[in-house]
$ cat target-v2.tsv   # TSV, C-alpha atoms
chain	number	residue	atom	x	y	z
L	1	MET	CA	27.45	71.72	118.15
L	2	GLU	CA	25.68	73.34	121.10
L	3	ILE	CA	27.55	75.81	123.28
L	4	ILE	CA	26.93	76.98	126.79
L	5	VAL	CA	28.81	79.73	128.62
L	6	GLN	CA	29.70	79.36	132.28
L	7	LYS	CA	30.98	82.38	134.18
L	8	PHE	CA	32.71	81.89	137.53
L	9	GLY	CA	33.24	84.92	139.76
L	10	GLY	CA	36.06	85.61	142.16
L	11	THR	CA	34.63	83.58	145.03
L	12	SER	CA	34.07	80.62	142.69
L	13	VAL	CA	37.78	80.46	141.82
L	14	LYS	CA	39.22	81.76	145.09
L	15	ASP	CA	41.09	78.54	146.00
L	16	GLU	CA	41.60	75.02	144.72
L	17	ALA	CA	38.57	73.65	146.57
L	18	ALA	CA	36.33	76.25	144.91
L	19	ARG	CA	37.87	75.61	141.50
L	20	ILE	CA	37.34	71.85	141.85
L	21	GLN	CA	33.68	72.53	142.65
L	22	ALA	CA	33.40	74.83	139.61
L	23	LEU	CA	34.92	72.16	137.40
L	24	LYS	CA	32.15	69.75	138.38
L	25	HIS	CA	29.77	72.00	136.48
L	26	VAL	CA	32.10	72.15	133.49
L	27	GLN	CA	32.52	68.37	133.43
L	28	TYR	CA	28.74	67.87	133.74
L	29	ALA	CA	28.11	70.08	130.71
L	30	VAL	CA	30.77	68.25	128.67
L	31	ASP	CA	29.22	64.92	129.67
L	32	GLN	CA	25.88	66.24	128.33
L	33	GLY	CA	27.55	66.75	124.95
L	34	ASP	CA	27.95	70.54	125.13
L	35	LYS	CA	30.96	72.62	124.23
L	36	VAL	CA	31.73	75.00	127.10
L	37	ILE	CA	33.09	78.53	127.17
L	38	VAL	CA	34.29	79.21	130.72
L	39	VAL	CA	34.73	82.88	131.68
L	40	VAL	CA	36.65	83.53	134.89
L	41	SER	CA	37.13	86.56	137.10
L	42	ALA	CA	40.30	87.33	139.06
L	43	ILE	CA	40.97	85.01	141.98
L	44	GLY	CA	39.17	86.09	145.17
L	45	ARG	CA	37.87	89.48	146.19
L	46	LYS	CA	39.39	92.60	147.76
L	47	GLY	CA	42.44	91.62	149.80
L	48	ALA	CA	43.28	88.53	147.76
L	49	PRO	CA	46.73	88.89	146.11
L	50	TYR	CA	45.50	88.96	142.51
L	51	ALA	CA	42.11	90.65	142.97
L	52	THR	CA	41.63	93.85	140.99
L	53	ASP	CA	41.67	96.11	144.05
L	54	SER	CA	44.85	94.43	145.33
L	55	LEU	CA	46.61	94.95	142.01
L	56	LEU	CA	45.58	98.61	141.95
L	57	GLY	CA	46.92	98.95	145.49
L	58	LEU	CA	50.39	98.07	144.21
L	59	VAL	CA	50.51	101.37	142.33
L	60	GLY	CA	48.72	103.66	144.76
L	61	ALA	CA	45.15	102.97	143.64
L	62	GLU	CA	43.36	106.26	142.84
L	63	HIS	CA	46.62	108.16	143.39
L	64	SER	CA	48.55	106.16	140.79
L	65	ARG	CA	50.70	107.98	138.27
L	66	LEU	CA	49.97	105.37	135.60
L	67	THR	CA	47.83	106.28	132.63
L	68	ASN	CA	44.56	104.43	132.14
L	69	ARG	CA	46.18	102.39	129.38
L	70	GLU	CA	48.95	101.37	131.75
L	71	LEU	CA	46.46	100.60	134.52
L	72	ASP	CA	44.69	98.22	132.15
L	73	MET	CA	48.00	96.45	131.58
L	74	LEU	CA	48.15	95.87	135.33
L	75	VAL	CA	44.60	94.98	136.32
L	76	SER	CA	44.06	92.61	133.40
L	77	VAL	CA	46.71	90.36	134.93
L	78	GLY	CA	44.26	89.14	137.59
L	79	GLU	CA	41.98	87.46	135.06
L	80	THR	CA	44.94	86.14	133.07
L	81	ILE	CA	46.37	84.42	136.15
L	82	SER	CA	42.95	83.01	137.00
L	83	THR	CA	42.52	81.63	133.47
L	84	ALA	CA	45.90	79.89	133.51
L	85	VAL	CA	45.33	78.39	136.98
L	86	PHE	CA	41.83	77.19	136.08
L	87	THR	CA	43.05	75.69	132.80
L	88	GLU	CA	45.88	73.85	134.54
L	89	LEU	CA	43.48	72.23	137.00
L	90	ALA	CA	40.96	71.40	134.26
L	91	ARG	CA	43.65	69.69	132.22
L	92	LYS	CA	44.87	67.84	135.31
L	93	GLN	CA	41.33	66.50	135.74
L	94	GLY	CA	41.30	65.19	132.19
L	95	LEU	CA	39.29	67.84	130.37
L	96	ASN	CA	40.22	68.70	126.79
L	97	VAL	CA	40.73	72.43	127.34
L	98	THR	CA	42.49	75.48	125.94
L	99	ALA	CA	42.93	79.00	127.35
L	100	MET	CA	42.45	82.40	125.72
L	101	THR	CA	42.73	86.04	126.67
L	102	GLY	CA	39.88	88.32	125.70
L	103	HIS	CA	41.97	89.41	122.73
L	104	ASP	CA	42.59	85.78	121.71
L	105	ALA	CA	38.84	85.15	121.93
L	106	GLY	CA	38.09	87.92	119.42
L	107	ILE	CA	36.78	90.63	121.77
L	108	VAL	CA	37.49	94.03	120.18
L	109	THR	CA	36.88	97.23	122.14
L	110	ASN	CA	37.32	100.96	121.78
L	111	ASP	CA	40.24	102.69	123.49
L	112	ASP	CA	38.34	104.00	126.52
L	113	PHE	CA	40.82	102.34	128.86
L	114	GLN	CA	39.51	101.24	132.29
L	115	ASN	CA	35.94	101.31	130.98
L	116	ALA	CA	36.16	100.13	127.37
L	117	LYS	CA	33.11	99.43	125.25
L	118	ILE	CA	32.95	96.20	123.25
L	119	LEU	CA	32.68	96.99	119.55
L	120	ARG	CA	32.39	93.46	118.23
L	121	VAL	CA	33.29	89.83	118.84
L	122	ASP	CA	34.82	87.60	116.18
L	123	PRO	CA	33.43	84.10	116.87
L	124	LYS	CA	36.01	82.33	114.70
L	125	PRO	CA	38.82	81.88	117.28
L	126	ILE	CA	36.56	80.03	119.72
L	127	THR	CA	34.71	78.14	116.97
L	128	ASN	CA	38.05	76.96	115.60
L	129	ALA	CA	39.26	76.01	119.07
L	130	PHE	CA	36.20	73.80	119.53
L	131	ILE	CA	37.32	71.62	116.60
L	132	ASP	CA	39.81	70.00	118.95
L	133	ALA	CA	38.82	71.19	122.45
L	134	ASP	CA	35.68	70.68	124.53
L	135	VAL	CA	36.33	73.63	126.83
L	136	VAL	CA	37.71	77.13	126.16
L	137	VAL	CA	38.63	79.15	129.26
L	138	VAL	CA	38.52	82.91	128.56
L	139	THR	CA	39.67	85.82	130.68
L	140	GLY	CA	36.70	87.88	131.78
L	141	PHE	CA	36.75	91.67	132.06
L	142	GLN	CA	39.10	92.31	129.14
L	143	GLY	CA	39.50	92.73	125.41
L	144	ALA	CA	41.81	94.68	123.12
L	145	THR	CA	41.67	97.67	120.82
L	146	GLU	CA	41.95	97.46	117.04
L	147	SER	CA	45.67	98.12	117.44
L	148	GLY	CA	46.10	95.38	120.04
L	149	HIS	CA	46.28	97.37	123.29
L	150	ILE	CA	44.75	95.42	126.17
L	151	THR	CA	41.65	97.00	127.71
L	152	THR	CA	39.34	96.32	130.63
L	153	ILE	CA	35.59	96.82	130.41
L	154	GLY	CA	34.69	98.13	133.84
L	155	ARG	CA	33.19	96.69	137.00
L	156	GLY	CA	31.07	93.62	136.41
L	157	GLY	CA	33.05	93.08	133.22
L	158	SER	CA	33.25	89.30	133.54
L	159	ASP	CA	29.45	89.09	133.48
L	160	THR	CA	29.49	91.26	130.36
L	161	SER	CA	32.21	89.10	128.77
L	162	ALA	CA	30.11	85.99	129.35
L	163	ALA	CA	26.98	87.56	127.90
L	164	ILE	CA	28.68	88.98	124.81
L	165	LEU	CA	30.40	85.68	124.07
L	166	GLY	CA	27.09	83.87	124.53
L	167	ALA	CA	25.47	86.24	122.04
L	168	ALA	CA	28.30	86.06	119.50
L	169	LEU	CA	28.59	82.26	119.63
L	170	LYS	CA	24.79	81.75	119.70
L	171	ALA	CA	25.01	79.83	122.95
L	172	LYS	CA	21.96	77.95	124.14
L	173	ARG	CA	22.46	79.38	127.64
L	174	VAL	CA	24.72	81.59	129.76
L	175	ASP	CA	25.20	80.43	133.35
L	176	ILE	CA	26.36	83.00	135.90
L	177	PHE	CA	27.82	81.13	138.87
L	178	THR	CA	28.08	82.92	142.18
L	179	ASP	CA	27.90	82.19	145.90
L	180	VAL	CA	24.08	82.27	146.13
L	181	ASN	CA	21.55	79.75	144.80
L	182	GLY	CA	19.85	82.24	142.49
L	183	MET	CA	17.87	85.46	142.61
L	184	MET	CA	15.94	86.22	145.78
L	185	THR	CA	12.89	88.43	146.13
L	186	ALA	CA	15.00	90.75	148.34
L	187	ASP	CA	18.30	90.76	150.20
L	188	PRO	CA	17.88	87.96	152.78
L	189	ARG	CA	20.23	89.79	155.14
L	190	LEU	CA	17.56	92.47	155.48
L	191	VAL	CA	14.26	90.80	154.67
L	192	THR	CA	13.06	87.99	156.92
L	193	HIS	CA	10.82	86.28	154.37
L	194	ALA	CA	12.92	86.74	151.21
L	195	ARG	CA	12.64	83.71	148.97
L	196	PHE	CA	14.04	82.15	145.83
L	197	ILE	CA	12.76	83.27	142.42
L	198	LYS	CA	12.38	80.38	140.00
L	199	ALA	CA	12.17	82.53	136.86
L	200	ILE	CA	12.49	86.24	136.12
L	201	SER	CA	12.34	88.37	132.98
L	202	TYR	CA	15.41	90.12	131.59
L	203	GLU	CA	13.77	93.50	132.21
L	204	GLU	CA	12.96	92.75	135.84
L	205	LEU	CA	16.43	91.41	136.59
L	206	ALA	CA	18.15	94.35	134.87
L	207	ASN	CA	16.04	96.76	136.93
L	208	MET	CA	16.85	94.95	140.17
L	209	ALA	CA	20.54	94.90	139.27
L	210	HIS	CA	20.52	98.61	138.44
L	211	GLU	CA	18.84	99.29	141.78
L	212	GLY	CA	21.29	97.43	143.98
L	213	ALA	CA	20.90	93.66	143.57
L	214	LYS	CA	24.53	92.57	143.23
L	215	VAL	CA	24.09	89.08	141.78
L	216	ILE	CA	24.78	90.16	138.18
L	217	HIS	CA	25.80	93.26	136.28
L	218	PRO	CA	22.83	94.88	134.49
L	219	ARG	CA	24.75	95.35	131.23
L	220	ALA	CA	25.16	91.58	130.94
L	221	VAL	CA	21.40	91.09	131.28
L	222	GLU	CA	20.70	93.70	128.61
L	223	ILE	CA	23.09	92.00	126.17
L	224	ALA	CA	21.47	88.63	126.78
L	225	GLU	CA	18.02	90.14	126.24
L	226	GLN	CA	19.01	91.69	122.92
L	227	ALA	CA	20.31	88.33	121.71
L	228	HIS	CA	17.48	86.32	123.33
L	229	VAL	CA	20.02	84.10	125.07
L	230	PRO	CA	18.57	82.53	128.23
L	231	MET	CA	20.57	82.95	131.44
L	232	ARG	CA	20.77	81.10	134.72
L	233	ILE	CA	21.84	82.58	138.05
L	234	ARG	CA	23.33	79.63	139.90
L	235	SER	CA	25.47	78.69	142.89
L	236	THR	CA	28.84	77.09	142.33
L	237	TYR	CA	28.10	74.93	145.34
L	238	GLN	CA	24.82	73.49	144.04
L	239	GLU	CA	24.70	70.14	142.31
L	240	PRO	CA	25.21	70.47	138.54
L	241	ASP	CA	21.61	69.48	137.79
L	242	GLU	CA	20.22	72.29	140.01
L	243	LEU	CA	19.72	75.17	137.61
L	244	GLY	CA	19.01	78.15	139.87
L	245	THR	CA	17.00	81.11	138.55
L	246	LEU	CA	16.05	81.20	134.87
L	247	VAL	CA	16.32	84.61	133.18
L	248	THR	CA	14.35	84.80	129.96
L	249	ASP	CA	11.75	86.70	127.94
L	250	ARG	CA	8.67	87.84	129.82
L	251	THR	CA	6.39	85.92	127.48
L	252	THR	CA	7.77	82.45	128.26
L	253	THR	CA	5.66	80.00	130.20
L	254	GLN	CA	8.15	79.81	133.08
L	255	ILE	CA	7.37	83.38	134.19
L	256	GLU	CA	4.52	83.73	136.68
L	257	HIS	CA	2.38	86.17	134.72
L	258	TYR	CA	-0.05	86.77	137.54
L	259	ARG	CA	2.45	88.36	139.93
L	260	THR	CA	2.48	92.13	140.19
L	261	VAL	CA	5.79	92.52	142.02
L	262	THR	CA	8.82	90.29	141.53
L	263	GLY	CA	11.28	91.73	144.01
L	264	ILE	CA	12.42	94.58	146.25
L	265	ALA	CA	15.89	96.07	145.69
L	266	HIS	CA	17.76	98.78	147.55
L	267	GLN	CA	20.69	101.18	147.49
L	268	THR	CA	22.27	102.83	150.52
L	269	ASP	CA	24.71	105.68	151.25
L	270	LEU	CA	22.80	108.34	149.35
L	271	THR	CA	22.44	112.06	150.01
L	272	GLN	CA	19.33	113.89	148.83
L	273	PHE	CA	19.72	117.46	147.53
L	274	THR	CA	16.90	119.97	147.19
L	275	VAL	CA	18.14	122.94	145.17
L	276	PRO	CA	16.08	126.06	144.39
L	277	THR	CA	16.30	127.28	140.81
L	278	ASP	CA	16.05	131.02	141.51
L	279	THR	CA	19.86	131.47	141.27
L	280	LEU	CA	20.77	128.79	138.74
L	281	SER	CA	18.44	127.11	136.26
L	282	SER	CA	17.87	123.38	136.55
L	283	SER	CA	19.87	122.75	133.37
L	284	THR	CA	22.81	124.75	134.72
L	285	ILE	CA	22.74	122.82	138.00
L	286	PHE	CA	22.90	119.49	136.22
L	287	GLN	CA	25.60	120.74	133.85
L	288	LEU	CA	27.64	121.79	136.89
L	289	MET	CA	27.36	118.30	138.36
L	290	ALA	CA	28.26	116.65	135.05
L	291	GLN	CA	31.28	118.88	134.46
L	292	HIS	CA	32.76	117.60	137.71
L	293	GLY	CA	32.01	113.95	137.05
L	294	LEU	CA	29.12	113.68	139.51
L	295	SER	CA	26.41	111.22	138.45
L	296	VAL	CA	23.04	112.32	139.79
L	297	ASP	CA	20.17	109.88	140.33
L	298	PHE	CA	16.51	109.85	141.34
L	299	ILE	CA	15.63	113.26	139.89
L	300	ASN	CA	12.48	115.34	140.41
L	301	ILE	CA	12.12	118.72	138.68
L	302	THR	CA	9.51	121.40	139.44
L	303	PRO	CA	9.33	125.03	138.25
L	304	HIS	CA	11.02	126.24	141.45
L	305	GLN	CA	13.46	123.52	142.51
L	306	VAL	CA	15.24	120.32	141.56
L	307	VAL	CA	15.64	117.30	143.80
L	308	PHE	CA	18.29	114.68	143.14
L	309	ASN	CA	20.53	112.19	144.91
L	310	LEU	CA	24.25	111.51	144.96
L	311	VAL	CA	26.26	108.78	146.58
L	312	ASP	CA	27.54	110.02	149.93
L	313	GLY	CA	31.13	110.13	148.66
L	314	ASP	CA	30.19	112.81	146.11
L	315	ALA	CA	27.98	114.86	148.40
L	316	ASP	CA	30.70	117.12	149.85
L	317	VAL	CA	31.96	117.96	146.36
L	318	ALA	CA	28.45	118.89	145.25
L	319	LYS	CA	27.86	121.04	148.32
L	320	GLN	CA	31.06	122.96	147.65
L	321	LEU	CA	30.20	123.47	143.98
L	322	LEU	CA	26.78	124.85	144.88
L	323	THR	CA	28.23	127.06	147.62
L	324	ASP	CA	30.80	128.48	145.17
L	325	ALA	CA	27.92	129.22	142.78
L	326	HIS	CA	26.10	131.06	145.61
L	327	VAL	CA	23.28	128.51	145.65
L	328	HIS	CA	21.76	127.62	149.00
L	329	CYS	CA	20.53	124.04	149.05
L	330	GLN	CA	19.13	121.59	151.54
L	331	SER	CA	20.60	118.12	151.87
L	332	ILE	CA	19.73	114.98	153.79
L	333	ALA	CA	22.53	112.45	154.26
L	334	ASN	CA	22.26	108.74	155.05
L	335	CYS	CA	19.34	108.00	152.74
L	336	ALA	CA	18.36	104.76	151.03
L	337	LYS	CA	16.45	104.11	147.82
L	338	VAL	CA	13.99	101.22	147.87
L	339	SER	CA	12.78	99.90	144.52
L	340	VAL	CA	9.63	97.84	144.01
L	341	VAL	CA	10.18	95.92	140.75
L	342	GLY	CA	7.72	93.89	138.72
L	343	ALA	CA	6.55	93.57	135.13
L	344	GLY	CA	2.99	93.33	136.47
L	345	ILE	CA	3.09	96.88	137.84
L	346	THR	CA	2.25	98.21	134.37
L	347	GLY	CA	-1.47	98.92	134.18
L	348	THR	CA	-2.20	97.67	137.69
L	349	PRO	CA	-4.06	100.33	139.73
L	350	GLY	CA	-3.37	100.83	143.41
L	351	VAL	CA	0.29	99.79	143.60
L	352	THR	CA	1.47	103.21	144.76
L	353	ALA	CA	-1.36	103.39	147.28
L	354	ARG	CA	-0.27	100.06	148.76
L	355	ILE	CA	3.34	101.27	149.01
L	356	VAL	CA	2.35	104.46	150.79
L	357	SER	CA	0.00	102.63	153.15
L	358	ALA	CA	2.53	99.92	154.00
L	359	LEU	CA	5.20	102.48	154.88
L	360	ALA	CA	2.79	104.75	156.75
L	361	ALA	CA	1.74	101.80	158.90
L	362	GLN	CA	5.38	101.55	160.03
L	363	HIS	CA	5.63	105.35	160.51
L	364	ILE	CA	8.23	105.59	157.75
L	365	ASP	CA	8.52	108.95	155.97
L	366	ILE	CA	8.81	108.94	152.17
L	367	LEU	CA	11.33	111.64	151.27
L	368	GLN	CA	10.89	111.29	147.51
L	369	SER	CA	9.26	108.99	144.97
L	370	THR	CA	9.04	108.33	141.25
L	371	ASP	CA	7.99	105.51	138.97
L	372	SER	CA	8.35	103.84	135.59
L	373	TYR	CA	6.38	101.10	133.86
L	374	THR	CA	7.96	98.31	135.91
L	375	THR	CA	9.53	100.02	138.94
L	376	ILE	CA	8.41	102.37	141.71
L	377	TRP	CA	11.14	104.01	143.76
L	378	VAL	CA	10.90	105.60	147.20
L	379	LEU	CA	13.60	107.35	149.19
L	380	VAL	CA	13.69	106.81	152.94
L	381	LYS	CA	16.10	107.47	155.74
L	382	GLU	CA	18.68	104.72	155.95
L	383	ALA	CA	17.69	104.07	159.56
L	384	ASP	CA	14.27	103.02	158.21
L	385	LEU	CA	15.62	100.79	155.44
L	386	LYS	CA	15.15	97.39	157.06
L	387	ALA	CA	11.64	98.20	158.24
L	388	ALA	CA	10.72	99.61	154.83
L	389	MET	CA	12.06	96.57	152.97
L	390	ASN	CA	10.19	94.14	155.18
L	391	ALA	CA	6.96	96.15	155.07
L	392	LEU	CA	6.94	96.30	151.28
L	393	HIS	CA	8.00	92.68	150.87
L	394	ASP	CA	5.23	91.50	153.18
L	395	GLU	CA	2.72	93.71	151.37
L	396	PHE	CA	3.46	92.45	147.87
L	397	LEU	CA	5.19	89.11	148.24
L	398	GLY	CA	3.81	87.87	151.54
L	399	ILE	CA	5.01	84.76	153.35
L	400	GLU	CA	5.19	81.36	151.73

$ encode --input "target-v2.tsv" --output "C-alpha cells"
Amino acid sequence: MEIIVQKFGGTSVKDEAARIQALKHVQYAVDQGDKVIVVVSAIGRKGAPYATDSLLGLVGAEHSRLTNRELDMLVSVGETISTAVFTELARKQGLNVTAMTGHDAGIVTNDDFQNAKILRVDPKPITNAFIDADVVVVTGFQGATESGHITTIGRGGSDTSAAILGAALKAKRVDIFTDVNGMMTADPRLVTHARFIKAISYEELANMAHEGAKVIHPRAVEIAEQAHVPMRIRSTYQEPDELGTLVTDRTTTQIEHYRTVTGIAHQTDLTQFTVPTDTLSSSTIFQLMAQHGLSVDFINITPHQVVFNLVDGDADVAKQLLTDAHVHCQSIANCAKVSVVGAGITGTPGVTARIVSALAAQHIDILQSTDSYTTIWVLVKEADLKAAMNALHDEFLGIE
C-alpha cells in the first residue's frame, strides 16, 4: 500500500467550485492506486466566516478573555468544519472516504496551547482506516494533549500536519496545494523576470520560507527533510498530472547542481536598531528584548554596539524599553530584508561582490548585511525593495 498526502489550504477549499477542483487531484491519486491522506485548512482566508481570524474576532481577538486552552477549542472548529464539508462532497462524488480530527489521526502534542509542539504521531488509526477506505480527510492545524485537550500548532500548522503525517505513515510524497503553480525564483508581483523552479532542495526552500516566501511553512519542509519524504508545491487549479515544484534532497539528479543562486526572498515592515553598549551590555539588551516577548532578527554585534531588526509593530515597544533603561539608540523604520538563497553559494567566491555591485549600480544603500553557507542577507530601505529585488534577480538568475 502506497500513501500520498495532499494538503489543501484555505483558498483551495474556499467554496464548492474550489473543493470540486481539489477532489480531482484526490480522485486522480486513487485511480493511480494510492491511498490518500487529505489535510485541509479552514475554509477561506481572513474575512471568511470560518477562517481562523474570523473565529478569533468573535471573542475579541487579542483582547479576548479566554485562556489559550479555550481559544484552541474555538479556532480548531474552522478545520473541523472544513473536514466535514470536504468529506461530504467527496462521498457525494463516490469516493470511499472517512474523516478524522487531528486527535483521531493520532497526533499527540504538548500542552502549549495556541502553539503546541507535536510529540508523536500514532500511525495505527489511519493505517486501520485504510483497510476499508481509500481516502482519509484529516483536520490540519490541530492535535490533542496526552489528556485529550484539543490543541492548535500555530500558523502554517496545516502544512506541518501534512508533513508529520507523511513522515509517520512513510508516504511516498507530500503534495502542498496552493493557488500558485509552484515555487518561483522570486515574488512575481515584484520581480519582472521571476520564473518557475522545477526542483529545489529542502534546505533552499526552508531558507526561502523563513525569509518571506509564503508558499509553505518552513517547519513542514524541515520535517519532510528529516524523514526524506519528497514534497511537491502544486496549484489546485493545475491538471492532476502537472506536478509543480519538486522538493527533495540536494543530491538528487533533479536539482540543477550548477546553479549558484536558486531564488531571492524578502521581508518587509522592519525597523533597524543600532544600540551602543556603553550603558547596557549586548547580552543585557537582548535579555531585555526577550523578557518582553520581542523576537530580534538580523543581528550584528561589535565591541561597541549591537545592530538588530524588529518587525515594525514591535519597534515602539523596544524604543520605550531602551528609553526607560537610559539607552540612546538610533533606529531606521520602513526597512526590508532581501535574501539571496542558493546551495551553490557555499564555496563560490565573488557572490558578495556581485551583490554589492548590482545594488550600487542602482544607487541602493546597503544598511546591513550578513551571510551563512547558503544565504546572504542585505537590509535596504523599503522604498528600494523592488529595485533591489530586480537587480539581484537579473544578476544571478538572468532572463530566460

$ residues_around --input "target-v2.tsv" --residues "range 355-367 of chain L" --least-positions-apart "2" --cutoff "7 Å" --atoms "only C-alpha atoms" --output "list in words"
Val351, Thr352, Ala353, Val378, Leu379, Val380, Asp384, Ala388, Ala391, Leu392 and Glu395 of chain L

$ closest_residue --input "target-v2.tsv" --among "L:Ala199, L:Val121, L:Leu55, L:Val306" --to "Met73 in chain L" --atoms "only C-alpha atoms"
L:Leu55

$ residues_around --input "target-v2.tsv" --residues "Val261 in chain L" --least-positions-apart "4" --cutoff "10 Å" --atoms "all atoms listed in the file" --output "PDB file with C-alpha atoms, in the coordinates of the input"
ATOM      1  CA  THR L 185      12.890  88.430 146.130  1.00  0.00           C
ATOM      2  CA  GLU L 204      12.960  92.750 135.840  1.00  0.00           C
ATOM      3  CA  VAL L 340       9.630  97.840 144.010  1.00  0.00           C
ATOM      4  CA  VAL L 341      10.180  95.920 140.750  1.00  0.00           C
ATOM      5  CA  GLY L 342       7.720  93.890 138.720  1.00  0.00           C
ATOM      6  CA  ALA L 343       6.550  93.570 135.130  1.00  0.00           C
ATOM      7  CA  GLY L 344       2.990  93.330 136.470  1.00  0.00           C
ATOM      8  CA  ILE L 345       3.090  96.880 137.840  1.00  0.00           C
ATOM      9  CA  VAL L 351       0.290  99.790 143.600  1.00  0.00           C
ATOM     10  CA  THR L 374       7.960  98.310 135.910  1.00  0.00           C
ATOM     11  CA  THR L 375       9.530 100.020 138.940  1.00  0.00           C
ATOM     12  CA  HIS L 393       8.000  92.680 150.870  1.00  0.00           C
ATOM     13  CA  GLU L 395       2.720  93.710 151.370  1.00  0.00           C
ATOM     14  CA  PHE L 396       3.460  92.450 147.870  1.00  0.00           C
ATOM     15  CA  LEU L 397       5.190  89.110 148.240  1.00  0.00           C
TER      16      LEU L 397
END

$ closest_atom_pairs --input "target-v2.tsv" --of "range 212-275 of chain L" --to "range 321-329 of chain L" --cutoff "7 Å" --atoms "only C-alpha atoms" --output "CSV"
residue,atom,partner,partner_atom,distance
L:Phe273,CA,L:Cys329,CA,6.8
L:Thr274,CA,L:Cys329,CA,5.8
L:Val275,CA,L:Cys329,CA,4.7

$ atom_distance --input "target-v2.tsv" --atom1 "CA of Leu56 in chain L" --atom2 "CA of Ala42 in chain L"
12.8 Å

$ residues_around --input "target-v2.tsv" --residues "Ile4 in chain L" --least-positions-apart "3" --cutoff "9 Å" --atoms "all atoms listed in the file" --output "ChimeraX atom specification"
/L:29,34-38,166,170-175

$ atom_distance --input "target-v2.tsv" --atom1 "CA of Gly140 in chain L" --atom2 "CA of Gly57 in chain L"
20.4 Å

$ residues_around --input "target-v2.tsv" --residues "range 11-18 of chain L" --least-positions-apart "3" --cutoff "7 Å" --atoms "only C-alpha atoms" --output "PyMOL selection string"
chain L and resi 8+21-22+43-45+178-179+236

$ closest_residue --input "target-v2.tsv" --among "L:Ser339, L:Thr101, L:Ser235, L:Thr370" --to "Ile264 in chain L" --atoms "only C-alpha atoms"
L:Ser339

$ residues_around --input "target-v2.tsv" --residues "range 104-114 of chain L" --least-positions-apart "4" --cutoff "8 Å" --atoms "only C-alpha atoms" --output "list of chain:residue names"
L:Asn68, L:Arg69, L:Leu71, L:Asp72, L:Met100, L:Ile118, L:Leu119, L:Arg120, L:Val121, L:Asp122, L:Pro123, L:Lys124, L:Pro125, L:Ile126, L:Val138, L:Gln142, L:Gly143, L:Ala144, L:Thr145, L:Glu146, L:Thr151, L:Thr152, L:Ile153, L:Gly154

$ residues_near_point --input "target-v2.tsv" --point "(19.5, 104.8, 153.2)" --cutoff "7 Å" --atoms "only C-alpha atoms" --output "ChimeraX atom specification"
/L:267-270,334-337,380-383,385

$ write_last_selection --input "target-v2.tsv" --atoms "C-alpha atoms" --output "PDB file, keeping the file's coordinate frame"
ATOM      1  CA  GLN L 267      20.690 101.180 147.490  1.00  0.00           C
ATOM      2  CA  THR L 268      22.270 102.830 150.520  1.00  0.00           C
ATOM      3  CA  ASP L 269      24.710 105.680 151.250  1.00  0.00           C
ATOM      4  CA  LEU L 270      22.800 108.340 149.350  1.00  0.00           C
ATOM      5  CA  ASN L 334      22.260 108.740 155.050  1.00  0.00           C
ATOM      6  CA  CYS L 335      19.340 108.000 152.740  1.00  0.00           C
ATOM      7  CA  ALA L 336      18.360 104.760 151.030  1.00  0.00           C
ATOM      8  CA  LYS L 337      16.450 104.110 147.820  1.00  0.00           C
ATOM      9  CA  VAL L 380      13.690 106.810 152.940  1.00  0.00           C
ATOM     10  CA  LYS L 381      16.100 107.470 155.740  1.00  0.00           C
ATOM     11  CA  GLU L 382      18.680 104.720 155.950  1.00  0.00           C
ATOM     12  CA  ALA L 383      17.690 104.070 159.560  1.00  0.00           C
ATOM     13  CA  LEU L 385      15.620 100.790 155.440  1.00  0.00           C
TER      14      LEU L 385
END

$ residues_near_point --input "target-v2.tsv" --point "(36.3, 70.9, 125.9)" --cutoff "8 Å" --atoms "all atoms listed in the file" --output "PyMOL selection string"
chain L and resi 30+35-36+95-98+130+132-136

$ axis_aligned_box --input "target-v2.tsv" --around "range 79-95 of chain L" --padding-each-side "6 Å" --output "lines of an AutoDock Vina configuration file"
center_x = 42.8
center_y = 76.3
center_z = 133.7
size_x = 19.1
size_y = 34.3
size_z = 18.6
